[in-house]
file model.txt (compact mmCIF, C-alpha atoms)
# COMPACT_ATOMS: atom_id res chain seq x y z
CA MET A 1 57.57 33.00 168.74
CA SER A 2 60.68 30.83 168.64
CA THR A 3 62.71 30.23 171.77
CA ALA A 4 65.67 32.06 170.21
CA ALA A 5 63.51 35.10 169.48
CA TYR A 6 62.10 35.03 173.02
CA ILE A 7 65.61 34.94 174.46
CA GLU A 8 66.70 37.88 172.32
CA ARG A 9 63.64 39.88 173.33
CA HIS A 10 64.16 39.14 177.04
CA ALA A 11 67.90 39.70 177.26
CA GLY A 12 67.14 42.55 179.67
CA ASP A 13 65.54 40.07 182.07
CA LEU A 14 68.74 37.99 182.04
CA LEU A 15 70.85 41.03 182.88
CA LYS A 16 68.48 42.18 185.62
CA PHE A 17 68.56 38.79 187.33
CA LEU A 18 72.33 38.46 186.92
CA ARG A 19 72.86 41.90 188.38
CA GLU A 20 70.75 40.91 191.37
CA ILE A 21 72.67 37.74 192.16
CA VAL A 22 76.05 39.36 191.51
CA GLY A 23 74.99 41.90 194.15
CA LEU A 24 74.80 39.04 196.66
CA ALA A 25 78.51 38.80 197.53
CA THR A 26 78.78 35.03 197.97
CA VAL A 27 82.49 35.20 198.76
CA ASN A 28 84.16 31.91 199.64
CA PRO A 29 85.87 31.71 202.03
CA PRO A 30 84.06 32.14 204.35
CA GLY A 31 80.74 31.49 202.56
CA ASP A 32 78.86 34.77 202.73
CA HIS A 33 75.22 35.22 201.68
CA TYR A 34 74.66 31.55 200.83
CA ASP A 35 71.27 31.61 202.53
CA ALA A 36 70.06 34.62 200.57
CA ILE A 37 71.20 33.48 197.15
CA THR A 38 69.90 29.93 197.47
CA ARG A 39 66.47 31.17 198.53
CA ARG A 40 66.48 33.41 195.47
CA LEU A 41 67.58 30.59 193.17
CA VAL A 42 64.86 28.25 194.45
CA ALA A 43 62.29 30.97 193.78
CA GLU A 44 63.62 31.56 190.28
CA LEU A 45 63.58 27.86 189.37
CA ALA A 46 60.02 27.58 190.68
CA ALA A 47 58.98 30.61 188.66
CA SER A 48 60.46 28.87 185.61
CA GLY A 49 58.13 25.94 186.22
CA LEU A 50 60.51 23.48 187.87
CA GLU A 51 60.02 21.61 191.11
CA ALA A 52 62.70 23.22 193.25
CA ARG A 53 64.09 22.66 196.71
CA ARG A 54 67.06 23.59 198.84
CA PHE A 55 69.22 21.14 200.75
CA ALA A 56 71.11 22.19 203.87
CA VAL A 57 74.41 20.39 204.39
CA PRO A 58 74.27 18.74 207.85
CA LYS A 59 75.92 20.72 210.63
CA ALA A 60 77.90 17.69 211.75
CA LEU A 61 79.51 17.51 208.33
CA LEU A 62 80.27 21.24 208.45
CA ARG A 63 82.07 20.76 211.75
CA ARG A 64 84.18 17.95 210.27
CA SER A 65 84.91 19.71 207.00
CA LEU A 66 85.33 23.42 207.68
CA PRO A 67 87.90 25.34 209.75
CA PRO A 68 86.48 26.76 212.97
CA GLU A 69 86.17 30.30 211.64
CA GLN A 70 83.84 29.12 208.83
CA GLN A 71 81.57 26.77 210.77
CA GLY A 72 79.05 29.52 211.43
CA TYR A 73 78.40 29.83 207.70
CA PRO A 74 75.84 27.22 206.56
CA ARG A 75 76.13 25.50 203.18
CA TYR A 76 73.15 24.97 200.88
CA ASN A 77 72.65 23.30 197.50
CA VAL A 78 69.69 23.90 195.19
CA LEU A 79 68.05 21.34 192.91
CA GLY A 80 65.33 21.83 190.32
CA ASN A 81 63.48 19.18 188.28
CA TRP A 82 61.43 19.28 185.09
CA ARG A 83 59.90 15.92 184.28
CA VAL A 84 58.87 15.73 180.64
CA ARG A 85 56.03 13.42 179.62
CA GLY A 86 57.34 10.53 177.57
CA ALA A 87 61.02 11.29 178.21
CA SER A 88 63.15 8.38 179.41
CA ARG A 89 66.50 10.15 179.86
CA THR A 90 67.64 13.05 182.03
CA ILE A 91 70.17 15.81 181.49
CA HIS A 92 71.66 17.64 184.46
CA PHE A 93 72.88 21.27 184.37
CA ASN A 94 75.24 22.32 187.15
CA ALA A 95 76.73 25.65 188.24
CA HIS A 96 78.33 26.95 191.42
CA TYR A 97 77.21 30.21 192.98
CA ASP A 98 80.20 31.01 195.21
CA VAL A 99 82.87 33.48 194.13
CA VAL A 100 86.48 34.19 195.07
CA PRO A 101 87.39 37.18 197.28
CA VAL A 102 87.97 40.59 195.72
CA SER A 103 90.81 43.07 195.89
CA GLY A 104 92.11 46.10 194.02
CA ARG A 105 90.28 49.05 192.52
CA TRP A 106 87.39 48.16 190.21
CA ARG A 107 85.92 50.20 187.43
CA HIS A 108 82.19 50.36 186.69
CA GLY A 109 80.85 50.72 190.21
CA GLY A 110 82.82 48.18 192.18
CA PRO A 111 83.13 44.40 192.38
CA PHE A 112 79.45 43.63 193.04
CA SER A 113 77.78 46.31 190.94
CA GLY A 114 76.65 44.20 187.98
CA ARG A 115 76.84 47.36 185.90
CA VAL A 116 76.33 47.03 182.15
CA ALA A 117 78.61 49.08 179.91
CA GLY A 118 79.90 48.69 176.37
CA GLY A 119 78.24 45.32 175.80
CA TRP A 120 79.63 43.80 179.02
CA ILE A 121 78.27 43.19 182.50
CA HIS A 122 80.85 43.81 185.19
CA GLY A 123 81.39 42.32 188.64
CA ARG A 124 82.68 39.34 190.57
CA GLY A 125 80.86 36.20 189.43
CA THR A 126 79.61 37.56 186.10
CA ALA A 127 81.97 35.18 184.29
CA ASP A 128 82.68 32.62 187.04
CA MET A 129 79.94 31.60 187.08
CA LYS A 130 76.68 33.33 187.90
CA GLY A 131 76.40 34.30 184.25
CA SER A 132 75.80 30.64 183.42
CA ILE A 133 73.00 30.49 185.98
CA ALA A 134 71.30 33.48 184.42
CA SER A 135 71.65 32.00 180.91
CA LEU A 136 70.09 28.70 182.00
CA ILE A 137 67.21 30.42 183.79
CA LEU A 138 66.37 32.43 180.68
CA ALA A 139 66.56 29.29 178.52
CA LEU A 140 64.11 27.47 180.82
CA ARG A 141 61.75 30.45 180.88
CA ALA A 142 61.88 30.68 177.08
CA LEU A 143 60.87 27.04 176.72
CA ARG A 144 57.93 27.49 179.07
CA ALA A 145 56.80 30.73 177.48
CA THR A 146 56.93 29.43 173.90
CA GLY A 147 55.54 25.97 174.64
CA ALA A 148 58.68 24.29 173.30
CA ALA A 149 58.92 21.40 175.74
CA PRO A 150 62.30 19.71 176.16
CA ARG A 151 62.74 16.27 174.62
CA ILE A 152 64.55 15.12 177.76
CA ASN A 153 64.01 15.45 181.52
CA VAL A 154 65.88 18.35 183.08
CA GLU A 155 67.71 18.62 186.40
CA ALA A 156 69.41 21.86 187.43
CA SER A 157 71.70 22.24 190.43
CA PHE A 158 73.29 25.36 191.89
CA THR A 159 75.96 24.42 194.39
CA ALA A 160 78.32 25.77 197.03
CA ASP A 161 82.06 25.84 197.57
CA GLU A 162 83.46 25.10 194.12
CA GLU A 163 86.06 27.78 194.75
CA THR A 164 87.49 25.64 197.54
CA ASP A 165 87.05 21.91 196.94
CA SER A 166 83.33 21.34 196.15
CA LEU A 167 83.00 18.62 198.79
CA LEU A 168 80.08 20.41 200.44
CA GLY A 169 78.71 21.51 197.08
CA THR A 170 78.58 19.30 193.99
CA GLY A 171 80.38 16.52 195.83
CA TRP A 172 77.66 16.45 198.48
CA LEU A 173 74.90 16.77 195.88
CA VAL A 174 76.13 13.85 193.77
CA ARG A 175 76.38 11.58 196.82
CA ASN A 176 73.25 12.61 198.72
CA ALA A 177 70.63 14.39 196.62
CA PRO A 178 67.90 12.59 194.63
CA ILE A 179 69.43 13.10 191.18
CA HIS A 180 69.29 10.58 188.33
CA PRO A 181 71.11 12.07 185.34
CA ASP A 182 72.15 10.26 182.19
CA TYR A 183 74.15 13.26 180.91
CA ALA A 184 75.60 16.38 182.52
CA VAL A 185 76.48 19.90 181.45
CA VAL A 186 78.72 21.70 183.91
CA MET A 187 78.24 25.27 182.83
CA GLU A 188 81.89 26.35 182.63
CA GLY A 189 85.14 25.12 181.12
CA GLY A 190 84.04 25.59 177.51
CA GLU A 191 82.90 28.79 175.86
CA GLY A 192 82.67 30.43 172.47
CA ASN A 193 83.04 27.72 169.83
CA ALA A 194 84.82 25.30 172.21
CA VAL A 195 83.10 22.61 174.27
CA CYS A 196 85.01 21.24 177.28
CA CYS A 197 85.41 17.46 177.45
CA GLY A 198 87.82 17.33 180.40
CA HIS A 199 89.94 19.32 182.81
CA ASN A 200 93.12 19.17 184.84
CA GLY A 201 93.14 18.11 188.45
CA VAL A 202 95.10 19.72 191.25
CA VAL A 203 96.97 18.91 194.46
CA TRP A 204 97.49 21.79 196.89
CA LEU A 205 100.28 21.47 199.45
CA GLU A 206 101.69 23.73 202.14
CA VAL A 207 105.40 23.37 202.83
CA ALA A 208 106.57 24.61 206.24
CA VAL A 209 110.28 25.26 206.87
CA HIS A 210 111.41 25.13 210.49
CA GLY A 211 114.42 27.13 211.67
CA ARG A 212 115.61 28.55 214.98
CA ALA A 213 115.06 32.10 216.19
CA ALA A 214 117.91 34.35 217.30
CA HIS A 215 118.65 38.03 217.79
CA GLY A 216 119.06 39.89 214.52
CA SER A 217 122.51 41.09 215.60
CA LEU A 218 123.67 37.47 216.07
CA PRO A 219 122.26 35.65 213.01
CA GLU A 220 124.87 32.93 213.26
CA GLN A 221 123.15 31.68 216.42
CA GLY A 222 119.92 30.96 214.59
CA ILE A 223 118.70 28.98 211.59
CA ASN A 224 117.04 31.32 209.11
CA ALA A 225 113.88 29.60 207.87
CA LEU A 226 113.44 32.14 205.06
CA GLU A 227 116.90 31.45 203.66
CA LYS A 228 116.26 27.70 203.78
CA MET A 229 112.88 28.20 202.11
CA SER A 230 114.53 30.24 199.35
CA CYS A 231 116.96 27.40 198.64
CA LEU A 232 114.08 24.92 198.52
CA VAL A 233 112.07 27.09 196.14
CA ARG A 234 115.08 27.38 193.82
CA ALA A 235 115.43 23.60 193.84
CA LEU A 236 111.87 23.31 192.52
CA GLU A 237 113.05 24.74 189.19
CA GLN A 238 114.54 21.32 188.47
CA TYR A 239 111.22 19.71 189.32
CA LYS A 240 109.47 21.93 186.79
CA LYS A 241 111.86 20.64 184.10
CA GLU A 242 111.11 17.05 185.07
CA LEU A 243 107.36 17.69 184.89
CA SER A 244 107.61 19.13 181.39
CA ARG A 245 108.48 15.67 180.04
CA THR A 246 104.91 14.47 180.70
CA ARG A 247 102.52 15.45 177.94
CA PHE A 248 98.89 15.06 176.92
CA VAL A 249 97.50 16.04 173.52
CA THR A 250 93.90 17.26 173.60
CA PRO A 251 91.28 16.62 170.88
CA GLU A 252 91.96 20.09 169.47
CA GLY A 253 95.67 19.23 169.14
CA LYS A 254 96.96 21.27 172.08
CA THR A 255 99.86 19.78 174.06
CA MET A 256 99.36 20.08 177.82
CA ARG A 257 102.02 19.58 180.49
CA PRO A 258 101.73 19.38 184.28
CA THR A 259 102.68 22.57 186.11
CA ILE A 260 103.42 23.85 189.59
CA ASN A 261 102.74 27.31 190.94
CA VAL A 262 104.88 28.12 193.96
CA GLY A 263 103.93 30.56 196.66
CA GLY A 264 100.35 31.46 195.95
CA VAL A 265 100.39 31.93 199.73
CA PHE A 266 103.59 32.42 201.73
CA HIS A 267 104.06 33.63 205.28
CA CYS A 268 106.10 33.59 208.46
CA GLY A 269 105.05 32.39 211.86
CA GLU A 270 104.32 34.11 215.15
CA GLY A 271 107.08 36.16 216.75
CA ALA A 272 108.29 37.62 213.47
CA LYS A 273 110.15 40.91 213.81
CA VAL A 274 112.65 42.79 211.71
CA ASN A 275 115.47 42.15 214.21
CA THR A 276 114.69 38.45 214.75
CA VAL A 277 116.06 35.52 212.76
CA PRO A 278 112.90 33.89 211.34
CA ALA A 279 112.21 30.50 212.88
CA TYR A 280 109.38 29.59 210.50
CA ALA A 281 108.48 30.15 206.87
CA ALA A 282 105.82 28.50 204.74
CA PHE A 283 104.69 28.50 201.12
CA THR A 284 102.12 26.71 199.03
CA ILE A 285 102.41 24.61 195.89
CA ASP A 286 99.65 24.28 193.31
CA ARG A 287 100.38 21.12 191.31
CA ARG A 288 98.18 20.75 188.22
CA VAL A 289 97.52 17.12 187.34
CA LEU A 290 96.83 16.00 183.77
CA SER A 291 94.03 13.58 183.00
CA VAL A 292 96.65 10.97 182.04
CA GLU A 293 98.17 11.24 185.53
CA ASN A 294 97.07 10.04 188.96
CA ASN A 295 96.60 12.42 191.90
CA ALA A 296 98.05 10.08 194.50
CA ALA A 297 101.12 9.32 192.39
CA ALA A 298 101.63 13.03 191.61
CA GLU A 299 101.46 13.90 195.31
CA ARG A 300 103.88 11.11 196.30
CA ASP A 301 106.36 12.18 193.64
CA LEU A 302 106.26 15.83 194.71
CA ARG A 303 106.65 14.96 198.38
CA ARG A 304 109.59 12.71 197.52
CA PHE A 305 111.30 15.53 195.60
CA LEU A 306 110.77 18.02 198.43
CA ALA A 307 112.21 15.64 201.02
CA ALA A 308 115.25 14.90 198.88
CA ALA A 309 115.84 18.58 198.12
CA ALA A 310 115.58 19.51 201.82
CA ARG A 311 118.18 16.88 202.74
CA LYS A 312 120.68 18.57 200.42
CA ILE A 313 120.24 21.93 202.18
CA PRO A 314 122.11 22.15 205.52
CA ASP A 315 119.82 22.46 208.56
CA CYS A 316 116.68 22.50 206.40
CA ARG A 317 113.82 20.77 208.20
CA ILE A 318 110.41 20.74 206.56
CA THR A 319 106.89 19.42 207.06
CA VAL A 320 104.40 19.07 204.23
CA ARG A 321 100.62 19.32 204.64
CA LYS A 322 98.02 18.63 201.99
CA ILE A 323 95.52 21.48 201.83
CA SER A 324 93.15 20.00 199.27
CA GLU A 325 92.89 18.26 195.94
CA ASN A 326 90.59 17.99 192.96
CA PHE A 327 90.61 15.29 190.33
CA ALA A 328 91.21 15.52 186.61
CA CYS A 329 88.83 14.02 184.08
CA PHE A 330 88.68 13.42 180.35
CA HIS A 331 86.10 11.81 178.10
CA ALA A 332 86.86 11.32 174.42
CA PRO A 333 84.19 13.44 172.68
CA LYS A 334 82.44 10.59 170.89
CA GLY A 335 78.80 9.54 170.96
CA PRO A 336 75.42 11.22 170.53
CA PHE A 337 75.58 13.54 173.53
CA PHE A 338 78.87 15.14 172.50
CA ALA A 339 77.62 15.41 168.92
CA ALA A 340 74.39 17.06 170.10
CA MET A 341 76.24 19.60 172.24
CA ALA A 342 78.59 20.46 169.36
CA SER A 343 75.63 20.80 166.98
CA SER A 344 73.79 23.19 169.30
CA VAL A 345 76.86 25.38 169.65
CA ARG A 346 77.40 25.34 165.88
CA ARG A 347 73.78 26.19 165.08
CA VAL A 348 73.67 29.16 167.43
CA ARG A 349 77.16 30.52 166.88
CA ARG A 350 77.33 29.59 163.19
CA ALA A 351 80.95 28.46 163.35
CA PRO A 352 82.78 25.12 163.57
CA THR A 353 82.92 23.62 167.06
CA THR A 354 86.01 22.22 168.75
CA PHE A 355 86.52 20.16 171.92
CA ARG A 356 89.02 21.31 174.51
CA VAL A 357 90.47 20.28 177.88
CA SER A 358 90.52 23.01 180.54
CA THR A 359 93.69 23.81 182.46
CA GLY A 360 91.56 24.82 185.45
CA PHE A 361 89.48 22.31 187.37
CA ASN A 362 85.73 22.44 187.73
CA ASP A 363 82.97 20.08 188.89
CA MET A 364 82.82 17.91 185.76
CA HIS A 365 84.73 15.07 187.41
CA PHE A 366 81.97 14.43 189.97
CA PHE A 367 79.60 13.51 187.15
CA ALA A 368 82.15 11.91 184.82
CA HIS A 369 83.95 9.84 187.46
CA GLU A 370 81.52 9.21 190.29
CA LEU A 371 78.34 8.89 188.23
CA LYS A 372 80.20 7.68 185.12
CA ILE A 373 78.00 9.59 182.71
CA PRO A 374 78.93 11.59 179.59
CA THR A 375 79.76 15.11 180.77
CA VAL A 376 80.65 18.34 178.99
CA GLY A 377 81.49 21.85 180.12
CA TYR A 378 79.99 24.89 178.42
CA GLY A 379 79.04 28.41 179.50
CA PRO A 380 79.32 32.06 178.52
CA GLY A 381 82.76 32.56 180.08
CA GLY A 382 84.20 36.04 180.21
CA GLU A 383 87.33 38.02 180.98
CA ASP A 384 89.51 38.70 184.04
CA ILE A 385 88.16 35.68 185.90
CA HIS A 386 89.41 35.74 189.53
CA ALA A 387 90.95 39.14 188.78
CA VAL A 388 90.06 42.81 189.10
CA ASN A 389 87.32 43.96 186.68
CA GLU A 390 85.83 40.53 185.94
CA ARG A 391 83.21 40.79 183.22
CA ALA A 392 81.00 38.77 180.87
CA SER A 393 79.87 39.60 177.36
CA VAL A 394 76.15 40.29 177.04
CA ARG A 395 76.18 38.72 173.59
CA ASP A 396 77.77 35.50 174.93
CA LEU A 397 75.30 35.30 177.80
CA VAL A 398 72.41 35.48 175.35
CA SER A 399 74.03 33.03 172.92
CA THR A 400 74.60 30.55 175.75
CA ALA A 401 70.92 30.72 176.73
CA LYS A 402 70.03 29.91 173.12
CA ILE A 403 72.48 26.99 173.08
CA TYR A 404 71.01 25.49 176.26
CA ALA A 405 67.49 25.85 174.86
CA ASP A 406 68.54 24.36 171.52
CA LEU A 407 70.14 21.36 173.23
CA LEU A 408 67.02 20.68 175.30
CA THR A 409 64.71 20.79 172.27
CA SER A 410 66.95 18.77 169.93
CA PHE A 411 68.46 16.02 172.10
CA ALA A 412 66.38 13.20 173.55
CA GLY A 413 69.19 10.94 174.69
call {"tool": "encode", "arguments": {"input": "model.txt", "output": "structure tokens"}}
result
Amino acid sequence: MSTAAYIERHAGDLLKFLREIVGLATVNPPGDHYDAITRRLVAELAASGLEARRFAVPKALLRRSLPPEQQGYPRYNVLGNWRVRGASRTIHFNAHYDVVPVSGRWRHGGPFSGRVAGGWIHGRGTADMKGSIASLILALRALRATGAAPRINVEASFTADEETDSLLGTGWLVRNAPIHPDYAVVMEGGEGNAVCCGHNGVVWLEVAVHGRAAHGSLPEQGINALEKMSCLVRALEQYKKELSRTRFVTPEGKTMRPTINVGGVFHCGEGAKVNTVPAYAAFTIDRRVLSVENNAAAERDLRRFLAAAARKIPDCRITVRKISENFACFHAPKGPFFAAMASSVRRVRRAPTTFRVSTGFNDMHFFAHELKIPTVGYGPGGEDIHAVNERASVRDLVSTAKIYADLLTSFAG
């Protein structure tokens, strides 16, 4: 039996496993159920014939890296190895197992049901990105079951905290775990007929506006932080226009521009009351950084604009705090690895393959920048990622398993 036929025949196994791990609500923050899912993933890699182990991130690092309310939630990363006789090169597959929080009313049994209906599997993480984990596991099992050994050594990592900043997940793994990849596939960013060869970076800032409280009947005696914040937010419209002048054209011919999203989180401080002049207001800025830009320069420029805009607003005093950042990456899709990935996608999906750059960030940059190895992004993807009713196509999950298996049996490095 061919590996593709095995995968088709065992699609039910993929869905059963995916439903199980979707049912483990690995919501980050704070980092729920990390222990349970990583134990399950180690067992599944071992059952697929890989040497598998789990690494606990040191508690001292957790204390330095996490806010106090999250320090009771341990972080784990999983690594599996398949050493192939005669192979001199290694390919690394990477996926994160954490998911974003849920809200709203979900169809099909709720956010962690993993229910299959109408050719889709529903639930948080089905698309981002536990579906990729299930596709890889089935691909590895198919190779073992059919005796179709890879032509290249295989490493597989399942990591924590990508939905925050990955520093305790893929960042920790790349810097501390015994990995030796020559190529990497981060199992998201590309899907369908498109392979990802890069992604935007991001700088997250919180802007706090400081006013002065007063009684609501005497507003002239206070400084209204909300009003000052509103003026500052309006000023950022000019900054958006300035950003639009910077452009990057992707291999598929798409023009990308840097963006900012204002107020993903906004709030007032303690002591807020309907009849009190607000003394504090804060909002966040999500600044997407193109691969032709530099994070540090982008942050300096944004801080400079905010300071200048605040000076033009009477009695507007602000402080700016960096929440986090993630770095952009881009690798021109040339060379044998990129050609092999495109060929595997084309053979399975029977359609021309394109290369794209993702607007969202993922963990590709850890491999592309820190390890300086050719890196692509590809997975099953899905719909309503980070939203209510997230779902993944059963057909795409199965096709992705075939693509991973095809790549491993056709590419030797």
call {"tool": "atom_distance", "arguments": {"input": "model.txt", "atom1": "atom CA of A:Gly189", "atom2": "atom CA of A:Gly377"}}
result
5.0 Å
call {"tool": "atom_distance", "arguments": {"input": "model.txt", "atom1": "atom CA of A:His365", "atom2": "atom CA of A:Ala328"}}
result
6.5 Å
call {"tool": "residues_around", "arguments": {"input": "model.txt", "residues": "A:Thr319", "least_positions_apart": "5", "cutoff": "10 Å", "atoms": "all atoms listed in the file", "output": "list in words"}}
result
Glu206, Val207, Ala208, Val209, His210, Ala282, Arg303, Leu306 and Ala307 of chain A
call {"tool": "closest_residue", "arguments": {"input": "model.txt", "among": "A:Ala52, A:Val116, A:Leu143, A:Leu371", "to": "A:Ala4", "atoms": "only C-alpha atoms"}}
result
A:Leu143
call {"tool": "closest_residue", "arguments": {"input": "model.txt", "among": "A:Glu69, A:Glu242, A:Asp286, A:Glu237", "to": "A:Val262", "atoms": "only C-alpha atoms"}}
result
A:Asp286
call {"tool": "atom_distance", "arguments": {"input": "model.txt", "atom1": "atom CA of A:Glu390", "atom2": "atom CA of A:Gly110"}}
result
10.3 Å
call {"tool": "residues_around", "arguments": {"input": "model.txt", "residues": "A:Val203", "least_positions_apart": "2", "cutoff": "10 Å", "atoms": "all atoms listed in the file", "output": "short mmCIF file (atom, residue, chain, number, x, y, z; two decimals) with C-alpha atoms, in the frame of the given file"}}
result
data_model
loop_
_atom_site.label_atom_id
_atom_site.label_comp_id
_atom_site.auth_asym_id
_atom_site.auth_seq_id
_atom_site.Cartn_x
_atom_site.Cartn_y
_atom_site.Cartn_z
CA GLY A 201 93.14 18.11 188.45
CA LEU A 205 100.28 21.47 199.45
CA ILE A 260 103.42 23.85 189.59
CA ILE A 285 102.41 24.61 195.89
CA ASP A 286 99.65 24.28 193.31
CA ARG A 287 100.38 21.12 191.31
CA ARG A 288 98.18 20.75 188.22
CA VAL A 289 97.52 17.12 187.34
CA ASN A 295 96.60 12.42 191.90
CA ALA A 296 98.05 10.08 194.50
CA ALA A 298 101.63 13.03 191.61
CA GLU A 299 101.46 13.90 195.31
CA LEU A 302 106.26 15.83 194.71
CA LYS A 322 98.02 18.63 201.99
CA ILE A 323 95.52 21.48 201.83
CA SER A 324 93.15 20.00 199.27
CA GLU A 325 92.89 18.26 195.94
CA ASN A 326 90.59 17.99 192.96
CA PHE A 327 90.61 15.29 190.33
#
call {"tool": "residues_around", "arguments": {"input": "model.txt", "residues": "stretch 231-234 of chain A", "least_positions_apart": "6", "cutoff": "12 Å", "atoms": "only C-alpha atoms", "output": "MDAnalysis selection string"}}
result
chainID A and resid 207:209 224:225 240 260:263 266 281:285 305:318
call {"tool": "write_last_selection", "arguments": {"input": "model.txt", "atoms": "C-alpha atoms", "output": "CSV table (one decimal), in the coordinates of the input"}}
result
chain,number,residue,atom,x,y,z
A,207,VAL,CA,105.4,23.4,202.8
A,208,ALA,CA,106.6,24.6,206.2
A,209,VAL,CA,110.3,25.3,206.9
A,224,ASN,CA,117.0,31.3,209.1
A,225,ALA,CA,113.9,29.6,207.9
A,240,LYS,CA,109.5,21.9,186.8
A,260,ILE,CA,103.4,23.8,189.6
A,261,ASN,CA,102.7,27.3,190.9
A,262,VAL,CA,104.9,28.1,194.0
A,263,GLY,CA,103.9,30.6,196.7
A,266,PHE,CA,103.6,32.4,201.7
A,281,ALA,CA,108.5,30.2,206.9
A,282,ALA,CA,105.8,28.5,204.7
A,283,PHE,CA,104.7,28.5,201.1
A,284,THR,CA,102.1,26.7,199.0
A,285,ILE,CA,102.4,24.6,195.9
A,305,PHE,CA,111.3,15.5,195.6
A,306,LEU,CA,110.8,18.0,198.4
A,307,ALA,CA,112.2,15.6,201.0
A,308,ALA,CA,115.2,14.9,198.9
A,309,ALA,CA,115.8,18.6,198.1
A,310,ALA,CA,115.6,19.5,201.8
A,311,ARG,CA,118.2,16.9,202.7
A,312,LYS,CA,120.7,18.6,200.4
A,313,ILE,CA,120.2,21.9,202.2
A,314,PRO,CA,122.1,22.2,205.5
A,315,ASP,CA,119.8,22.5,208.6
A,316,CYS,CA,116.7,22.5,206.4
A,317,ARG,CA,113.8,20.8,208.2
A,318,ILE,CA,110.4,20.7,206.6
call {"tool": "closest_residue", "arguments": {"input": "model.txt", "among": "A:Lys334, A:Thr159, A:Ala339, A:Trp204", "to": "A:Gly264", "atoms": "all atoms listed in the file"}}
result
A:Trp204
call {"tool": "closest_residue", "arguments": {"input": "model.txt", "among": "A:Leu136, A:Leu66, A:Ala279, A:Ala87", "to": "A:Ala156", "atoms": "all atoms listed in the file"}}
result
A:Leu136
call {"tool": "closest_residue", "arguments": {"input": "model.txt", "among": "A:Val100, A:Ala56, A:Ile121, A:Ala149", "to": "A:Arg395", "atoms": "all atoms listed in the file"}}
result
A:Ile121
call {"tool": "residues_around", "arguments": {"input": "model.txt", "residues": "A:Gly119", "least_positions_apart": "4", "cutoff": "12 Å", "atoms": "all atoms listed in the file", "output": "PyMOL selection string"}}
result
chain A and resi 11+15+115+382+391-398
call {"tool": "axis_aligned_box", "arguments": {"input": "model.txt", "around": "stretch 338-351 of chain A", "padding_each_side": "3 Å", "output": "lines of an AutoDock Vina configuration file"}}
result
center_x = 77.3
center_y = 22.8
center_z = 167.8
size_x = 13.3
size_y = 21.4
size_z = 15.3
call {"tool": "residues_around", "arguments": {"input": "model.txt", "residues": "A:Ala95", "least_positions_apart": "3", "cutoff": "12 Å", "atoms": "only C-alpha atoms", "output": "PyMOL selection string"}}
result
chain A and resi 41+77-79+92+98-99+125+127-137+155-163+166+169-170+173+184-189+362-364+377-380
call {"tool": "closest_residue", "arguments": {"input": "model.txt", "among": "A:Val84, A:Ala60, A:Ala25, A:Leu218", "to": "A:Tyr97", "atoms": "only C-alpha atoms"}}
result
A:Ala25
